[in-house]
Amino acid sequence: MAASAFIHPALSDESTQQLIDKICRSVEEYAFCSNTFNQNIKGSSANITALTQITIEQALNNSTNTHSFIFGLLSNTTDPAEKNALTTCENAYRLVTSNFNEATMHFLEGDYGSMLDSERRSPRAQESCITIFSTPPTPPNPVADRNRQMRILIAMAVVTGMELTTKLS
């Protein structure tokens with residue numbers, strides 16, 4: 001998923017856009033967040049359940065693609081420091097993907113509390129792929145932008161999940 005640096009004009013109705021704005025003001029990159037919703041919204045109106053589904057789908061898609069990308073890099077590297085860092089990232093993204101597969105299952109079952117629990121396990125796992133590249137010896141980070149996008153998508157998923165569980169309690 002490529003999000004441009006520009007905010008797409010709202011494709012949603014006013015109440016949906018207000019909900020998107022509320023969610024996106026809670027994460028580090030408003031434009032990325034808003035673009036993600038507006039590029040993936042079905043129709044012009046979406047409630048918190050539909051927006052939660054978008055975040056789960058996009059997070060799962062991103063983590064799966066990043067895991068595959070890292071796996072490809074790992075099979076082609078011979079540098080020990082880079083191999084170690086990429087192994088840490090491969091493990092991290094395997095866990096993040098597993099967490100979002102679980103979150104998807106719980107979402108589809110309507111078990112939003114368990115969905116949120118699955119999502120909340122992802123930031124720490126994903127963070128290990130960021131910190132490993134700042135631990136000497138420091139190889140170049142080939143997944144920096146993918147890590148940034150994943151970090152935002154995880155935050156979006158947790159924010160929408162919290163909003164969804166709060167609305168239903």
# chains A, B, ... in the order shown; residues from 1 in each chain; ligands from 1
call {"tool": "residues_around", "arguments": {"residues": "region 132-147 of chain A", "least_positions_apart": "2", "cutoff": "12 Å", "atoms": "only C-alpha atoms", "output": "PyMOL selection string"}}
result
chain A and resi 1-3+59+61-74+77-93+96+123+125-130+149-154
call {"tool": "select_by_dssp", "arguments": {"residues": "chain A", "states": "helix (DSSP H, G or I)", "output": "JSON, numbers by chain"}}
result
{"A": [14, 15, 16, 17, 18, 19, 20, 21, 22, 23, 24, 30, 31, 32, 33, 34, 35, 36, 37, 38, 39, 40, 48, 49, 50, 51, 52, 53, 54, 55, 56, 57, 58, 59, 60, 61, 62, 63, 64, 65, 66, 67, 68, 69, 70, 71, 72, 73, 74, 75, 76, 80, 81, 82, 83, 84, 85, 86, 87, 88, 89, 90, 91, 92, 93, 94, 95, 96, 97, 98, 99, 100, 101, 102, 103, 104, 105, 106, 107, 108, 109, 112, 113, 114, 115, 116, 117, 118, 119, 120, 122, 123, 124, 125, 126, 127, 128, 129, 130, 131, 132, 133, 134, 144, 145, 146, 147, 148, 149, 150, 151, 152, 153, 154, 155, 156, 157, 158, 159, 160, 161, 162, 163, 164, 165, 166, 167, 168]}
call {"tool": "residues_around", "arguments": {"residues": "Ala155 (chain A)", "least_positions_apart": "3", "cutoff": "12 Å", "atoms": "only C-alpha atoms", "output": "NGL selection string"}}
result
:A and (23-30 or 32-33 or 52 or 55-56 or 58-59 or 116 or 119-124 or 126 or 148-152 or 158-162)
call {"tool": "write_last_selection", "arguments": {"atoms": "C-alpha atoms", "output": "tab-separated table (two decimals), in the first residue's frame"}}
result
chain	number	residue	atom	x	y	z
A	23	ILE	CA	-8.65	8.43	14.73
A	24	CYS	CA	-5.96	10.02	12.59
A	25	ARG	CA	-5.28	12.80	15.10
A	26	SER	CA	-4.32	10.03	17.54
A	27	VAL	CA	-1.49	8.63	15.39
A	28	GLU	CA	1.87	10.04	14.35
A	29	GLU	CA	1.12	10.73	10.67
A	30	TYR	CA	-2.31	12.18	9.99
A	32	PHE	CA	-0.86	8.53	5.98
A	33	CYS	CA	-3.77	7.56	8.21
A	52	THR	CA	-11.63	-1.12	12.24
A	55	THR	CA	-7.08	-1.09	9.75
A	56	ILE	CA	-6.90	-4.83	10.37
A	58	GLN	CA	-4.20	-3.02	5.89
A	59	ALA	CA	-2.03	-4.03	8.87
A	116	LEU	CA	-7.82	-5.67	20.59
A	119	GLU	CA	-3.44	-6.08	18.15
A	120	ARG	CA	-1.87	-4.78	21.36
A	121	ARG	CA	0.80	-7.49	21.26
A	122	SER	CA	2.13	-6.15	17.95
A	123	PRO	CA	3.94	-2.89	18.83
A	124	ARG	CA	6.60	-4.54	20.99
A	126	GLN	CA	7.49	-4.71	15.57
A	148	ARG	CA	7.26	3.38	9.77
A	149	GLN	CA	4.13	2.36	7.87
A	150	MET	CA	3.62	-0.72	10.03
A	151	ARG	CA	4.02	1.30	13.23
A	152	ILE	CA	1.29	3.71	12.06
A	158	VAL	CA	-5.35	-0.20	18.27
A	159	VAL	CA	-7.09	3.21	18.23
A	160	THR	CA	-10.01	1.92	16.15
A	161	GLY	CA	-10.18	-1.23	18.27
A	162	MET	CA	-10.34	0.84	21.46
call {"tool": "atom_distance", "arguments": {"atom1": "CA of Asn40 (chain A)", "atom2": "CA of Thr166 (chain A)"}}
result
23.5 Å
call {"tool": "atom_distance", "arguments": {"atom1": "CA of Leu19 (chain A)", "atom2": "CA of Gln39 (chain A)"}}
result
15.3 Å
call {"tool": "residues_around", "arguments": {"residues": "Gln17 (chain A)", "least_positions_apart": "4", "cutoff": "12 Å", "atoms": "only C-alpha atoms", "output": "list of chain:residue names"}}
result
A:His8, A:Pro9, A:Ala10, A:Leu11, A:Ser12, A:Asp13, A:Asp21, A:Lys22, A:Ile23, A:Cys24, A:Arg25, A:Cys33, A:Ser34, A:Asn35, A:Phe37, A:Asn38, A:Ile41, A:Ser44, A:Ser45, A:Ala46, A:Asn47, A:Ile48, A:Leu51
call {"tool": "write_last_selection", "arguments": {"atoms": "N, CA and C atoms", "output": "PDB file, in the first residue's frame"}}
result
ATOM      1  N   HIS A   8      -5.616  12.942   0.511  1.00  0.00           N
ATOM      2  CA  HIS A   8      -6.651  12.838  -0.511  1.00  0.00           C
ATOM      3  C   HIS A   8      -7.871  13.595  -0.041  1.00  0.00           C
ATOM      4  N   PRO A   9      -8.616  14.198  -0.949  1.00  0.00           N
ATOM      5  CA  PRO A   9      -9.850  14.833  -0.535  1.00  0.00           C
ATOM      6  C   PRO A   9     -10.767  13.777   0.060  1.00  0.00           C
ATOM      7  N   ALA A  10     -11.539  14.187   1.032  1.00  0.00           N
ATOM      8  CA  ALA A  10     -12.432  13.253   1.711  1.00  0.00           C
ATOM      9  C   ALA A  10     -13.387  12.621   0.701  1.00  0.00           C
ATOM     10  N   LEU A  11     -13.414  11.310   0.697  1.00  0.00           N
ATOM     11  CA  LEU A  11     -14.321  10.578  -0.162  1.00  0.00           C
ATOM     12  C   LEU A  11     -15.535  10.116   0.634  1.00  0.00           C
ATOM     13  N   SER A  12     -15.547  10.469   1.899  1.00  0.00           N
ATOM     14  CA  SER A  12     -16.572   9.984   2.801  1.00  0.00           C
ATOM     15  C   SER A  12     -17.512  11.107   3.224  1.00  0.00           C
ATOM     16  N   ASP A  13     -18.655  10.691   3.769  1.00  0.00           N
ATOM     17  CA  ASP A  13     -19.598  11.692   4.253  1.00  0.00           C
ATOM     18  C   ASP A  13     -19.045  12.375   5.504  1.00  0.00           C
ATOM     19  N   ASP A  21     -11.014  11.638  11.131  1.00  0.00           N
ATOM     20  CA  ASP A  21     -10.188  12.708  11.701  1.00  0.00           C
ATOM     21  C   ASP A  21      -9.833  12.418  13.156  1.00  0.00           C
ATOM     22  N   LYS A  22     -10.809  11.969  13.922  1.00  0.00           N
ATOM     23  CA  LYS A  22     -10.576  11.656  15.340  1.00  0.00           C
ATOM     24  C   LYS A  22      -9.511  10.570  15.482  1.00  0.00           C
ATOM     25  N   ILE A  23      -9.619   9.528  14.681  1.00  0.00           N
ATOM     26  CA  ILE A  23      -8.653   8.429  14.729  1.00  0.00           C
ATOM     27  C   ILE A  23      -7.277   8.913  14.283  1.00  0.00           C
ATOM     28  N   CYS A  24      -7.236   9.619  13.175  1.00  0.00           N
ATOM     29  CA  CYS A  24      -5.957  10.021  12.588  1.00  0.00           C
ATOM     30  C   CYS A  24      -5.225  11.076  13.415  1.00  0.00           C
ATOM     31  N   ARG A  25      -5.941  11.843  14.197  1.00  0.00           N
ATOM     32  CA  ARG A  25      -5.276  12.798  15.096  1.00  0.00           C
ATOM     33  C   ARG A  25      -4.587  12.080  16.265  1.00  0.00           C
ATOM     34  N   CYS A  33      -2.563   8.147   7.633  1.00  0.00           N
ATOM     35  CA  CYS A  33      -3.768   7.558   8.214  1.00  0.00           C
ATOM     36  C   CYS A  33      -5.002   7.897   7.384  1.00  0.00           C
ATOM     37  N   SER A  34      -5.196   9.166   7.118  1.00  0.00           N
ATOM     38  CA  SER A  34      -6.369   9.605   6.365  1.00  0.00           C
ATOM     39  C   SER A  34      -6.379   9.011   4.960  1.00  0.00           C
ATOM     40  N   ASN A  35      -5.214   8.999   4.310  1.00  0.00           N
ATOM     41  CA  ASN A  35      -5.116   8.409   2.975  1.00  0.00           C
ATOM     42  C   ASN A  35      -5.464   6.927   3.008  1.00  0.00           C
ATOM     43  N   PHE A  37      -7.452   5.307   5.060  1.00  0.00           N
ATOM     44  CA  PHE A  37      -8.909   5.137   5.156  1.00  0.00           C
ATOM     45  C   PHE A  37      -9.596   5.516   3.845  1.00  0.00           C
ATOM     46  N   ASN A  38      -9.266   6.674   3.313  1.00  0.00           N
ATOM     47  CA  ASN A  38      -9.967   7.162   2.122  1.00  0.00           C
ATOM     48  C   ASN A  38      -9.682   6.318   0.880  1.00  0.00           C
ATOM     49  N   ILE A  41     -11.949   2.840   1.871  1.00  0.00           N
ATOM     50  CA  ILE A  41     -13.339   2.887   2.314  1.00  0.00           C
ATOM     51  C   ILE A  41     -14.254   2.416   1.182  1.00  0.00           C
ATOM     52  N   SER A  44     -19.367   5.852   0.673  1.00  0.00           N
ATOM     53  CA  SER A  44     -19.059   7.156   1.264  1.00  0.00           C
ATOM     54  C   SER A  44     -19.299   7.194   2.759  1.00  0.00           C
ATOM     55  N   SER A  45     -19.861   6.130   3.313  1.00  0.00           N
ATOM     56  CA  SER A  45     -20.188   6.113   4.726  1.00  0.00           C
ATOM     57  C   SER A  45     -19.610   4.867   5.382  1.00  0.00           C
ATOM     58  N   ALA A  46     -18.989   5.058   6.547  1.00  0.00           N
ATOM     59  CA  ALA A  46     -18.435   3.925   7.287  1.00  0.00           C
ATOM     60  C   ALA A  46     -18.551   4.212   8.780  1.00  0.00           C
ATOM     61  N   ASN A  47     -18.906   3.200   9.531  1.00  0.00           N
ATOM     62  CA  ASN A  47     -18.937   3.330  10.981  1.00  0.00           C
ATOM     63  C   ASN A  47     -17.619   2.817  11.550  1.00  0.00           C
ATOM     64  N   ILE A  48     -17.506   2.812  12.865  1.00  0.00           N
ATOM     65  CA  ILE A  48     -16.246   2.406  13.503  1.00  0.00           C
ATOM     66  C   ILE A  48     -15.918   0.945  13.202  1.00  0.00           C
ATOM     67  N   LEU A  51     -14.297   0.921   9.773  1.00  0.00           N
ATOM     68  CA  LEU A  51     -12.949   1.505   9.831  1.00  0.00           C
ATOM     69  C   LEU A  51     -11.982   0.568  10.544  1.00  0.00           C
TER      70      LEU A  51
END
call {"tool": "atom_distance", "arguments": {"atom1": "CA of Asn101 (chain A)", "atom2": "CA of Leu60 (chain A)"}}
result
6.9 Å
call {"tool": "closest_residue", "arguments": {"among": "A:Lys42, A:Arg94, A:His106, A:Lys167", "to": "Thr16 (chain A)", "atoms": "only C-alpha atoms"}}
result
A:Lys42
call {"tool": "decode", "arguments": {"residues": "region 64-79 of chain A", "atoms": "N, CA, C and O atoms", "output": "mmCIF file, in the first residue's frame"}}
result
data_model
loop_
_atom_site.group_PDB
_atom_site.id
_atom_site.type_symbol
_atom_site.label_atom_id
_atom_site.label_comp_id
_atom_site.auth_asym_id
_atom_site.auth_seq_id
_atom_site.Cartn_x
_atom_site.Cartn_y
_atom_site.Cartn_z
ATOM 1 N N THR A 64 2.332 -8.942 6.152
ATOM 2 C CA THR A 64 2.587 -10.100 5.287
ATOM 3 C C THR A 64 3.583 -9.742 4.187
ATOM 4 O O THR A 64 4.549 -10.481 3.935
ATOM 5 N N ASN A 65 3.360 -8.603 3.530
ATOM 6 C CA ASN A 65 4.270 -8.169 2.461
ATOM 7 C C ASN A 65 5.661 -7.862 3.005
ATOM 8 O O ASN A 65 6.670 -8.190 2.364
ATOM 9 N N THR A 66 5.727 -7.233 4.169
ATOM 10 C CA THR A 66 7.029 -6.906 4.757
ATOM 11 C C THR A 66 7.760 -8.173 5.171
ATOM 12 O O THR A 66 8.973 -8.301 4.960
ATOM 13 N N HIS A 67 7.045 -9.122 5.734
ATOM 14 C CA HIS A 67 7.661 -10.399 6.113
ATOM 15 C C HIS A 67 8.259 -11.079 4.883
ATOM 16 O O HIS A 67 9.403 -11.553 4.922
ATOM 17 N N SER A 68 7.517 -11.103 3.786
ATOM 18 C CA SER A 68 8.026 -11.709 2.547
ATOM 19 C C SER A 68 9.244 -10.961 2.024
ATOM 20 O O SER A 68 10.222 -11.575 1.575
ATOM 21 N N PHE A 69 9.203 -9.636 2.088
ATOM 22 C CA PHE A 69 10.317 -8.802 1.645
ATOM 23 C C PHE A 69 11.565 -9.108 2.477
ATOM 24 O O PHE A 69 12.671 -9.298 1.925
ATOM 25 N N ILE A 70 11.405 -9.169 3.780
ATOM 26 C CA ILE A 70 12.535 -9.455 4.675
ATOM 27 C C ILE A 70 13.079 -10.855 4.409
ATOM 28 O O ILE A 70 14.295 -11.060 4.369
ATOM 29 N N PHE A 71 12.187 -11.814 4.229
ATOM 30 C CA PHE A 71 12.609 -13.185 3.942
ATOM 31 C C PHE A 71 13.469 -13.229 2.682
ATOM 32 O O PHE A 71 14.490 -13.914 2.639
ATOM 33 N N GLY A 72 13.074 -12.467 1.664
ATOM 34 C CA GLY A 72 13.866 -12.386 0.432
ATOM 35 C C GLY A 72 15.233 -11.760 0.664
ATOM 36 O O GLY A 72 16.243 -12.241 0.153
ATOM 37 N N LEU A 73 15.266 -10.677 1.447
ATOM 38 C CA LEU A 73 16.550 -10.039 1.767
ATOM 39 C C LEU A 73 17.450 -10.989 2.544
ATOM 40 O O LEU A 73 18.658 -11.059 2.297
ATOM 41 N N LEU A 74 16.857 -11.687 3.477
ATOM 42 C CA LEU A 74 17.605 -12.598 4.345
ATOM 43 C C LEU A 74 18.277 -13.710 3.539
ATOM 44 O O LEU A 74 19.426 -14.077 3.820
ATOM 45 N N SER A 75 17.598 -14.194 2.534
ATOM 46 C CA SER A 75 18.168 -15.283 1.728
ATOM 47 C C SER A 75 19.304 -14.798 0.831
ATOM 48 O O SER A 75 20.069 -15.612 0.319
ATOM 49 N N ASN A 76 19.427 -13.484 0.647
ATOM 50 C CA ASN A 76 20.461 -12.952 -0.241
ATOM 51 C C ASN A 76 21.616 -12.273 0.478
ATOM 52 O O ASN A 76 22.554 -11.824 -0.173
ATOM 53 N N THR A 77 21.564 -12.157 1.812
ATOM 54 C CA THR A 77 22.638 -11.445 2.509
ATOM 55 C C THR A 77 23.690 -12.417 3.035
ATOM 56 O O THR A 77 23.370 -13.542 3.419
ATOM 57 N N THR A 78 24.919 -11.927 3.028
ATOM 58 C CA THR A 78 26.018 -12.712 3.591
ATOM 59 C C THR A 78 26.656 -11.996 4.774
ATOM 60 O O THR A 78 27.404 -12.607 5.528
ATOM 61 N N ASP A 79 26.360 -10.708 4.942
ATOM 62 C CA ASP A 79 26.917 -9.928 6.044
ATOM 63 C C ASP A 79 26.309 -10.405 7.367
ATOM 64 O O ASP A 79 25.092 -10.402 7.520
#
